[in-house]
>>> print(open('final35.txt').read())   # compact mmCIF, N, CA and C atoms
# COMPACT_ATOMS: atom_id res chain seq x y z
N GLU T 76 -10.12 -12.78 -24.67
CA GLU T 76 -9.09 -13.79 -24.60
C GLU T 76 -9.75 -15.15 -24.54
N GLY T 77 -9.43 -16.00 -25.50
CA GLY T 77 -10.04 -17.31 -25.57
C GLY T 77 -9.14 -18.39 -25.01
N VAL T 78 -9.33 -19.58 -25.57
CA VAL T 78 -8.62 -20.77 -25.11
C VAL T 78 -7.12 -20.55 -25.08
N GLY T 79 -6.56 -20.01 -26.14
CA GLY T 79 -5.12 -19.84 -26.21
C GLY T 79 -4.64 -18.45 -25.87
N GLY T 80 -5.41 -17.71 -25.09
CA GLY T 80 -5.15 -16.31 -24.77
C GLY T 80 -3.69 -15.94 -24.56
N PRO T 81 -3.40 -14.69 -24.32
CA PRO T 81 -2.02 -14.21 -24.28
C PRO T 81 -1.17 -14.89 -23.22
N HIS T 82 0.01 -15.28 -23.63
CA HIS T 82 0.97 -15.91 -22.75
C HIS T 82 2.36 -15.47 -23.17
N PRO T 83 3.35 -15.64 -22.29
CA PRO T 83 4.71 -15.26 -22.67
C PRO T 83 5.14 -16.02 -23.91
N ASN T 84 5.74 -15.35 -24.84
CA ASN T 84 6.15 -15.97 -26.10
C ASN T 84 7.67 -15.99 -26.21
N VAL T 85 8.15 -16.90 -27.04
CA VAL T 85 9.58 -17.10 -27.20
C VAL T 85 9.94 -17.07 -28.68
N ASN T 86 11.21 -16.80 -28.98
CA ASN T 86 11.67 -16.86 -30.37
C ASN T 86 11.72 -18.30 -30.81
N HIS T 87 11.40 -18.56 -32.08
CA HIS T 87 11.34 -19.93 -32.58
C HIS T 87 11.79 -19.98 -34.04
N LYS T 88 12.86 -20.68 -34.31
CA LYS T 88 13.34 -20.91 -35.66
C LYS T 88 13.27 -19.63 -36.47
N ASN T 89 12.66 -19.69 -37.66
CA ASN T 89 12.55 -18.50 -38.51
C ASN T 89 11.19 -17.83 -38.39
N GLU T 90 10.38 -18.27 -37.46
CA GLU T 90 9.07 -17.68 -37.26
C GLU T 90 9.21 -16.32 -36.58
N ILE T 91 8.31 -15.41 -36.91
CA ILE T 91 8.21 -14.16 -36.14
C ILE T 91 7.28 -14.47 -34.98
N ILE T 92 7.82 -14.40 -33.78
CA ILE T 92 7.05 -14.68 -32.57
C ILE T 92 6.85 -13.37 -31.83
N SER T 93 5.60 -13.08 -31.49
CA SER T 93 5.30 -11.81 -30.85
C SER T 93 4.86 -12.00 -29.41
N ARG T 94 5.29 -11.10 -28.55
CA ARG T 94 4.80 -11.06 -27.18
C ARG T 94 3.54 -10.20 -27.08
N ASP T 95 3.31 -9.38 -28.06
CA ASP T 95 2.22 -8.42 -27.99
C ASP T 95 1.28 -8.54 -29.19
N CYS T 96 0.73 -9.72 -29.41
CA CYS T 96 -0.22 -9.89 -30.51
C CYS T 96 -1.41 -8.96 -30.29
N GLU T 97 -1.83 -8.32 -31.35
CA GLU T 97 -3.05 -7.51 -31.27
C GLU T 97 -4.27 -8.42 -31.40
N ILE T 98 -4.13 -9.46 -32.21
CA ILE T 98 -5.18 -10.48 -32.35
C ILE T 98 -4.52 -11.82 -32.06
N TRP T 99 -5.04 -12.54 -31.07
CA TRP T 99 -4.45 -13.82 -30.67
C TRP T 99 -4.93 -14.95 -31.57
N PRO T 100 -4.14 -16.01 -31.69
CA PRO T 100 -4.54 -17.15 -32.50
C PRO T 100 -5.89 -17.69 -32.05
N MET T 101 -6.63 -18.26 -33.01
CA MET T 101 -7.94 -18.81 -32.68
C MET T 101 -8.12 -20.17 -33.34
N PHE T 102 -8.63 -21.11 -32.55
CA PHE T 102 -9.02 -22.40 -33.10
C PHE T 102 -10.15 -22.16 -34.10
N PRO T 103 -10.18 -22.89 -35.23
CA PRO T 103 -11.25 -22.65 -36.21
C PRO T 103 -12.63 -22.84 -35.57
N GLY T 104 -13.42 -21.81 -35.56
CA GLY T 104 -14.75 -21.85 -34.95
C GLY T 104 -14.79 -21.35 -33.53
N GLY T 105 -13.62 -21.02 -32.95
CA GLY T 105 -13.58 -20.44 -31.61
C GLY T 105 -13.47 -21.45 -30.48
N ASP T 106 -13.67 -20.96 -29.27
CA ASP T 106 -13.48 -21.78 -28.07
C ASP T 106 -14.44 -22.96 -27.99
N LEU T 107 -15.69 -22.75 -28.33
CA LEU T 107 -16.67 -23.85 -28.28
C LEU T 107 -16.25 -24.97 -29.23
N ALA T 108 -15.82 -24.61 -30.41
CA ALA T 108 -15.35 -25.59 -31.39
C ALA T 108 -14.11 -26.32 -30.88
N TYR T 109 -13.23 -25.60 -30.18
CA TYR T 109 -12.04 -26.21 -29.58
C TYR T 109 -12.43 -27.32 -28.62
N PHE T 110 -13.34 -27.02 -27.68
CA PHE T 110 -13.73 -28.02 -26.69
C PHE T 110 -14.51 -29.17 -27.33
N LYS T 111 -15.30 -28.89 -28.36
CA LYS T 111 -16.00 -29.96 -29.09
C LYS T 111 -14.99 -30.87 -29.79
N PHE T 112 -13.96 -30.28 -30.38
CA PHE T 112 -12.92 -31.06 -31.05
C PHE T 112 -12.24 -31.99 -30.05
N VAL T 113 -11.87 -31.44 -28.90
CA VAL T 113 -11.19 -32.25 -27.88
C VAL T 113 -12.08 -33.40 -27.45
N LYS T 114 -13.33 -33.12 -27.18
CA LYS T 114 -14.26 -34.15 -26.71
C LYS T 114 -14.46 -35.22 -27.79
N ALA T 115 -14.62 -34.81 -29.03
CA ALA T 115 -14.88 -35.75 -30.13
C ALA T 115 -13.67 -36.62 -30.46
N ASN T 116 -12.46 -36.12 -30.24
CA ASN T 116 -11.25 -36.83 -30.66
C ASN T 116 -10.46 -37.45 -29.51
N GLN T 117 -10.90 -37.21 -28.29
CA GLN T 117 -10.18 -37.72 -27.12
C GLN T 117 -10.35 -39.23 -27.03
N LYS T 118 -9.22 -39.92 -26.90
CA LYS T 118 -9.21 -41.37 -26.69
C LYS T 118 -8.65 -41.60 -25.29
N TYR T 119 -9.57 -41.80 -24.36
CA TYR T 119 -9.15 -41.94 -22.96
C TYR T 119 -8.28 -43.19 -22.84
N PRO T 120 -7.06 -43.05 -22.38
CA PRO T 120 -6.16 -44.20 -22.28
C PRO T 120 -6.73 -45.29 -21.36
N LYS T 121 -6.58 -46.55 -21.79
CA LYS T 121 -7.12 -47.68 -21.01
C LYS T 121 -6.56 -47.70 -19.59
N VAL T 122 -5.25 -47.46 -19.47
CA VAL T 122 -4.64 -47.48 -18.14
C VAL T 122 -5.22 -46.37 -17.27
N ALA T 123 -5.53 -45.23 -17.86
CA ALA T 123 -6.11 -44.12 -17.09
C ALA T 123 -7.53 -44.47 -16.65
N ILE T 124 -8.27 -45.19 -17.48
CA ILE T 124 -9.62 -45.63 -17.10
C ILE T 124 -9.51 -46.62 -15.95
N GLN T 125 -8.60 -47.59 -16.08
CA GLN T 125 -8.42 -48.60 -15.03
C GLN T 125 -8.02 -47.96 -13.70
N ASP T 126 -7.17 -46.96 -13.78
CA ASP T 126 -6.68 -46.29 -12.56
C ASP T 126 -7.56 -45.12 -12.12
N ARG T 127 -8.68 -44.90 -12.84
CA ARG T 127 -9.64 -43.82 -12.53
C ARG T 127 -8.97 -42.45 -12.50
N GLU T 128 -8.06 -42.21 -13.46
CA GLU T 128 -7.33 -40.94 -13.53
C GLU T 128 -8.16 -39.88 -14.23
N GLU T 129 -8.21 -38.72 -13.64
CA GLU T 129 -8.86 -37.56 -14.22
C GLU T 129 -7.93 -36.37 -14.01
N GLY T 130 -8.24 -35.27 -14.67
CA GLY T 130 -7.47 -34.06 -14.43
C GLY T 130 -7.36 -33.18 -15.64
N ARG T 131 -6.60 -32.11 -15.48
CA ARG T 131 -6.34 -31.16 -16.56
C ARG T 131 -4.88 -31.22 -16.92
N VAL T 132 -4.64 -31.20 -18.22
CA VAL T 132 -3.28 -31.13 -18.73
C VAL T 132 -3.18 -29.81 -19.48
N PHE T 133 -2.16 -29.03 -19.19
CA PHE T 133 -1.94 -27.77 -19.89
C PHE T 133 -0.76 -27.94 -20.83
N ILE T 134 -1.04 -27.72 -22.11
CA ILE T 134 -0.03 -27.86 -23.15
C ILE T 134 0.40 -26.47 -23.61
N GLN T 135 1.71 -26.28 -23.75
CA GLN T 135 2.23 -25.08 -24.39
C GLN T 135 2.54 -25.44 -25.83
N ALA T 136 2.07 -24.64 -26.76
CA ALA T 136 2.33 -24.87 -28.18
C ALA T 136 2.55 -23.54 -28.88
N THR T 137 3.28 -23.60 -29.96
CA THR T 137 3.45 -22.42 -30.80
C THR T 137 2.48 -22.54 -31.96
N ILE T 138 1.69 -21.50 -32.18
CA ILE T 138 0.83 -21.41 -33.36
C ILE T 138 1.62 -20.55 -34.34
N GLY T 139 2.08 -21.17 -35.42
CA GLY T 139 2.94 -20.49 -36.37
C GLY T 139 2.21 -19.46 -37.20
N GLN T 140 2.98 -18.74 -38.00
CA GLN T 140 2.43 -17.68 -38.85
C GLN T 140 1.41 -18.21 -39.84
N ASN T 141 1.50 -19.49 -40.18
CA ASN T 141 0.53 -20.08 -41.11
C ASN T 141 -0.56 -20.87 -40.39
N GLY T 142 -0.58 -20.81 -39.04
CA GLY T 142 -1.61 -21.49 -38.26
C GLY T 142 -1.25 -22.90 -37.84
N THR T 143 -0.07 -23.37 -38.24
CA THR T 143 0.37 -24.71 -37.88
C THR T 143 0.76 -24.76 -36.41
N ILE T 144 0.43 -25.87 -35.76
CA ILE T 144 0.79 -26.07 -34.36
C ILE T 144 2.15 -26.78 -34.30
N MET T 145 3.05 -26.23 -33.47
CA MET T 145 4.39 -26.80 -33.35
C MET T 145 4.84 -26.78 -31.90
N ASP T 146 5.86 -27.56 -31.64
CA ASP T 146 6.59 -27.53 -30.36
C ASP T 146 5.69 -27.68 -29.14
N CYS T 147 4.88 -28.72 -29.13
CA CYS T 147 3.98 -28.97 -27.99
C CYS T 147 4.75 -29.58 -26.83
N ILE T 148 4.57 -28.99 -25.65
CA ILE T 148 5.14 -29.56 -24.43
C ILE T 148 4.10 -29.49 -23.32
N VAL T 149 4.24 -30.39 -22.36
CA VAL T 149 3.35 -30.38 -21.20
C VAL T 149 3.87 -29.36 -20.20
N LEU T 150 3.04 -28.37 -19.90
CA LEU T 150 3.39 -27.38 -18.86
C LEU T 150 3.01 -27.89 -17.48
N LYS T 151 1.79 -28.41 -17.40
CA LYS T 151 1.30 -28.96 -16.14
C LYS T 151 0.54 -30.22 -16.50
N GLY T 152 0.99 -31.33 -15.97
CA GLY T 152 0.41 -32.60 -16.36
C GLY T 152 -0.44 -33.24 -15.29
N ALA T 153 -1.00 -34.39 -15.69
CA ALA T 153 -1.81 -35.20 -14.78
C ALA T 153 -1.08 -36.52 -14.53
N SER T 154 -1.09 -37.40 -15.52
CA SER T 154 -0.36 -38.67 -15.46
C SER T 154 0.31 -38.84 -16.82
N LYS T 155 1.22 -39.78 -16.91
CA LYS T 155 1.94 -39.99 -18.18
C LYS T 155 0.98 -40.30 -19.32
N SER T 156 0.00 -41.16 -19.07
CA SER T 156 -0.92 -41.54 -20.15
C SER T 156 -1.82 -40.37 -20.56
N LEU T 157 -2.30 -39.59 -19.61
CA LEU T 157 -3.13 -38.42 -19.94
C LEU T 157 -2.30 -37.34 -20.62
N ASN T 158 -1.08 -37.14 -20.15
CA ASN T 158 -0.19 -36.16 -20.79
C ASN T 158 0.06 -36.53 -22.25
N ASN T 159 0.35 -37.80 -22.51
CA ASN T 159 0.60 -38.26 -23.88
C ASN T 159 -0.63 -38.07 -24.76
N GLU T 160 -1.81 -38.35 -24.21
CA GLU T 160 -3.04 -38.17 -24.99
C GLU T 160 -3.29 -36.70 -25.28
N ALA T 161 -2.99 -35.83 -24.33
CA ALA T 161 -3.16 -34.40 -24.54
C ALA T 161 -2.25 -33.91 -25.67
N ILE T 162 -1.01 -34.35 -25.67
CA ILE T 162 -0.07 -33.98 -26.74
C ILE T 162 -0.59 -34.50 -28.08
N ARG T 163 -1.08 -35.73 -28.11
CA ARG T 163 -1.61 -36.30 -29.35
C ARG T 163 -2.77 -35.45 -29.88
N LEU T 164 -3.67 -35.07 -28.99
CA LEU T 164 -4.83 -34.26 -29.40
C LEU T 164 -4.40 -32.93 -30.01
N VAL T 165 -3.46 -32.26 -29.37
CA VAL T 165 -3.02 -30.96 -29.89
C VAL T 165 -2.34 -31.15 -31.25
N ASN T 166 -1.57 -32.22 -31.39
CA ASN T 166 -0.87 -32.46 -32.65
C ASN T 166 -1.78 -32.79 -33.83
N ILE T 167 -3.00 -33.26 -33.56
CA ILE T 167 -3.93 -33.58 -34.66
C ILE T 167 -4.93 -32.45 -34.94
N MET T 168 -4.81 -31.36 -34.20
CA MET T 168 -5.73 -30.24 -34.42
C MET T 168 -5.53 -29.64 -35.81
N PRO T 169 -6.63 -29.13 -36.38
CA PRO T 169 -6.48 -28.42 -37.66
C PRO T 169 -5.71 -27.12 -37.45
N LYS T 170 -5.30 -26.53 -38.56
CA LYS T 170 -4.60 -25.24 -38.47
C LYS T 170 -5.49 -24.22 -37.79
N TRP T 171 -4.86 -23.38 -37.00
CA TRP T 171 -5.54 -22.28 -36.32
C TRP T 171 -5.47 -21.04 -37.20
N THR T 172 -6.29 -20.06 -36.87
CA THR T 172 -6.12 -18.73 -37.45
C THR T 172 -4.96 -18.11 -36.68
N PRO T 173 -3.89 -17.73 -37.37
CA PRO T 173 -2.72 -17.22 -36.64
C PRO T 173 -2.98 -15.88 -35.97
N GLY T 174 -2.15 -15.58 -34.99
CA GLY T 174 -2.21 -14.28 -34.35
C GLY T 174 -1.74 -13.21 -35.31
N GLN T 175 -2.06 -11.96 -34.99
CA GLN T 175 -1.65 -10.85 -35.85
C GLN T 175 -1.04 -9.73 -35.02
N LEU T 176 -0.11 -9.06 -35.65
CA LEU T 176 0.48 -7.85 -35.09
C LEU T 176 0.65 -6.87 -36.25
N LYS T 177 0.08 -5.69 -36.10
CA LYS T 177 0.11 -4.67 -37.15
C LYS T 177 -0.41 -5.20 -38.48
N GLY T 178 -1.46 -6.02 -38.38
CA GLY T 178 -2.12 -6.54 -39.58
C GLY T 178 -1.40 -7.69 -40.27
N LYS T 179 -0.30 -8.16 -39.67
CA LYS T 179 0.45 -9.26 -40.29
C LYS T 179 0.43 -10.48 -39.37
N PRO T 180 0.37 -11.69 -39.96
CA PRO T 180 0.38 -12.89 -39.13
C PRO T 180 1.71 -13.07 -38.42
N VAL T 181 1.64 -13.47 -37.16
CA VAL T 181 2.84 -13.74 -36.37
C VAL T 181 2.62 -15.04 -35.60
N GLY T 182 3.71 -15.71 -35.28
CA GLY T 182 3.62 -16.89 -34.43
C GLY T 182 3.43 -16.46 -32.99
N CYS T 183 2.68 -17.26 -32.25
CA CYS T 183 2.42 -16.96 -30.84
C CYS T 183 2.46 -18.26 -30.05
N VAL T 184 2.99 -18.18 -28.85
CA VAL T 184 2.97 -19.31 -27.94
C VAL T 184 1.68 -19.23 -27.12
N VAL T 185 0.95 -20.34 -27.06
CA VAL T 185 -0.31 -20.38 -26.33
C VAL T 185 -0.28 -21.53 -25.33
N HIS T 186 -1.14 -21.44 -24.34
CA HIS T 186 -1.31 -22.51 -23.35
C HIS T 186 -2.71 -23.06 -23.53
N LEU T 187 -2.80 -24.37 -23.73
CA LEU T 187 -4.07 -25.01 -24.06
C LEU T 187 -4.47 -26.01 -22.99
N PRO T 188 -5.69 -25.88 -22.44
CA PRO T 188 -6.16 -26.86 -21.46
C PRO T 188 -6.80 -28.06 -22.15
N ILE T 189 -6.47 -29.25 -21.68
CA ILE T 189 -7.13 -30.48 -22.12
C ILE T 189 -7.68 -31.12 -20.84
N ILE T 190 -9.00 -31.28 -20.80
CA ILE T 190 -9.65 -31.79 -19.59
C ILE T 190 -10.01 -33.26 -19.77
N PHE T 191 -9.67 -34.05 -18.76
CA PHE T 191 -9.99 -35.48 -18.75
C PHE T 191 -10.92 -35.76 -17.59
N LYS T 192 -12.13 -36.26 -17.91
CA LYS T 192 -13.11 -36.55 -16.88
C LYS T 192 -13.83 -37.85 -17.25
N LEU T 193 -13.81 -38.79 -16.32
CA LEU T 193 -14.51 -40.07 -16.55
C LEU T 193 -15.99 -39.91 -16.30
>>> encode(input="final35.txt", output="structure tokens")
Amino acid sequence: EGVGGPHPNVNHKNEIISRDCEIWPMFPGGDLAYFKFVKANQKYPKVAIQDREEGRVFIQATIGQNGTIMDCIVLKGASKSLNNEAIRLVNIMPKWTPGQLKGKPVGCVVHLPIIFKL
């Protein structure tokens, strides 16, 4: 189980969403690539720097059958500026390898950590 490991899933639009993926969605290149992407693309908000804000933001997102990221929401936040930056980061991520069930791609809801440290 990697970064987006198994989590409760919900029905979404016309996507097939599975609670029991046999293969969970994966960021291209795996967990290490995920954290490198976050670090390389993170724009620490000026207000958060001024206020010395740090923390973890957990984002819930659906990885669709085609690997597209959709429906990002903050599950557990830090501050408004860090939460907004976490959502921005997830929204600019490349397509993931979708989850699979019985050899077919399915949408899966994942929880993604975004770490902010000054």
>>> closest_residue(input="final35.txt", among="T:Ser154, T:Thr172, T:Ile162, T:Pro188", to="T:Asp126", atoms="only C-alpha atoms")
T:Ser154
>>> select_by_dssp(input="final35.txt", residues="chain T", states="helix (DSSP H, G or I)", output="PyMOL selection string")
chain T and resi 106-116+121-125+155-166
>>> atom_distance(input="final35.txt", atom1="atom CA of T:Cys96", atom2="atom CA of T:Pro180")
9.1 Å
>>> closest_residue(input="final35.txt", among="T:Val181, T:Leu150, T:Val165, T:Leu187", to="T:Trp99", atoms="only C-alpha atoms")
T:Val181
>>> atom_distance(input="final35.txt", atom1="atom CA of T:Ala115", atom2="atom CA of T:Leu164")
10.2 Å
>>> residues_around(input="final35.txt", residues="T:Ala136", least_positions_apart="4", cutoff="7 Å", atoms="only N, CA and C atoms", output="list in words")
Ile144, Met145, Asp146, Cys147, Ile148, Cys183, Val184, Val185, His186 and Leu187 of chain T
>>> closest_residue(input="final35.txt", among="T:Val113, T:Val132, T:Val149, T:Leu176", to="T:Ile98", atoms="only N, CA and C atoms")
T:Leu176
>>> closest_residue(input="final35.txt", among="T:Ile138, T:Ile190, T:Ile167, T:Leu107", to="T:Lys151", atoms="only C-alpha atoms")
T:Ile190
>>> closest_residue(input="final35.txt", among="T:Lys114, T:Gly139, T:Leu193, T:Val122", to="T:Trp171", atoms="all atoms listed in the file")
T:Gly139
>>> axis_aligned_box(input="final35.txt", around="stretch 109-120 of chain T", padding_each_side="8 Å", output="AutoDock Vina command-line options")
--center_x -11.1 --center_y -35.4 --center_z -26.2 --size_x 25.8 --size_y 35.7 --size_z 25.7
>>> atom_distance(input="final35.txt", atom1="atom C of T:Glu160", atom2="atom C of T:Gly142")
18.8 Å
>>> select_by_dssp(input="final35.txt", residues="chain T", states="strand (DSSP E)", output="PyMOL selection string")
chain T and resi 130-138+144-151+174-176+179-181+183-191
>>> closest_residue(input="final35.txt", among="T:Arg163, T:Thr143, T:Leu157, T:Gly174", to="T:Pro120", atoms="all atoms listed in the file")
T:Leu157
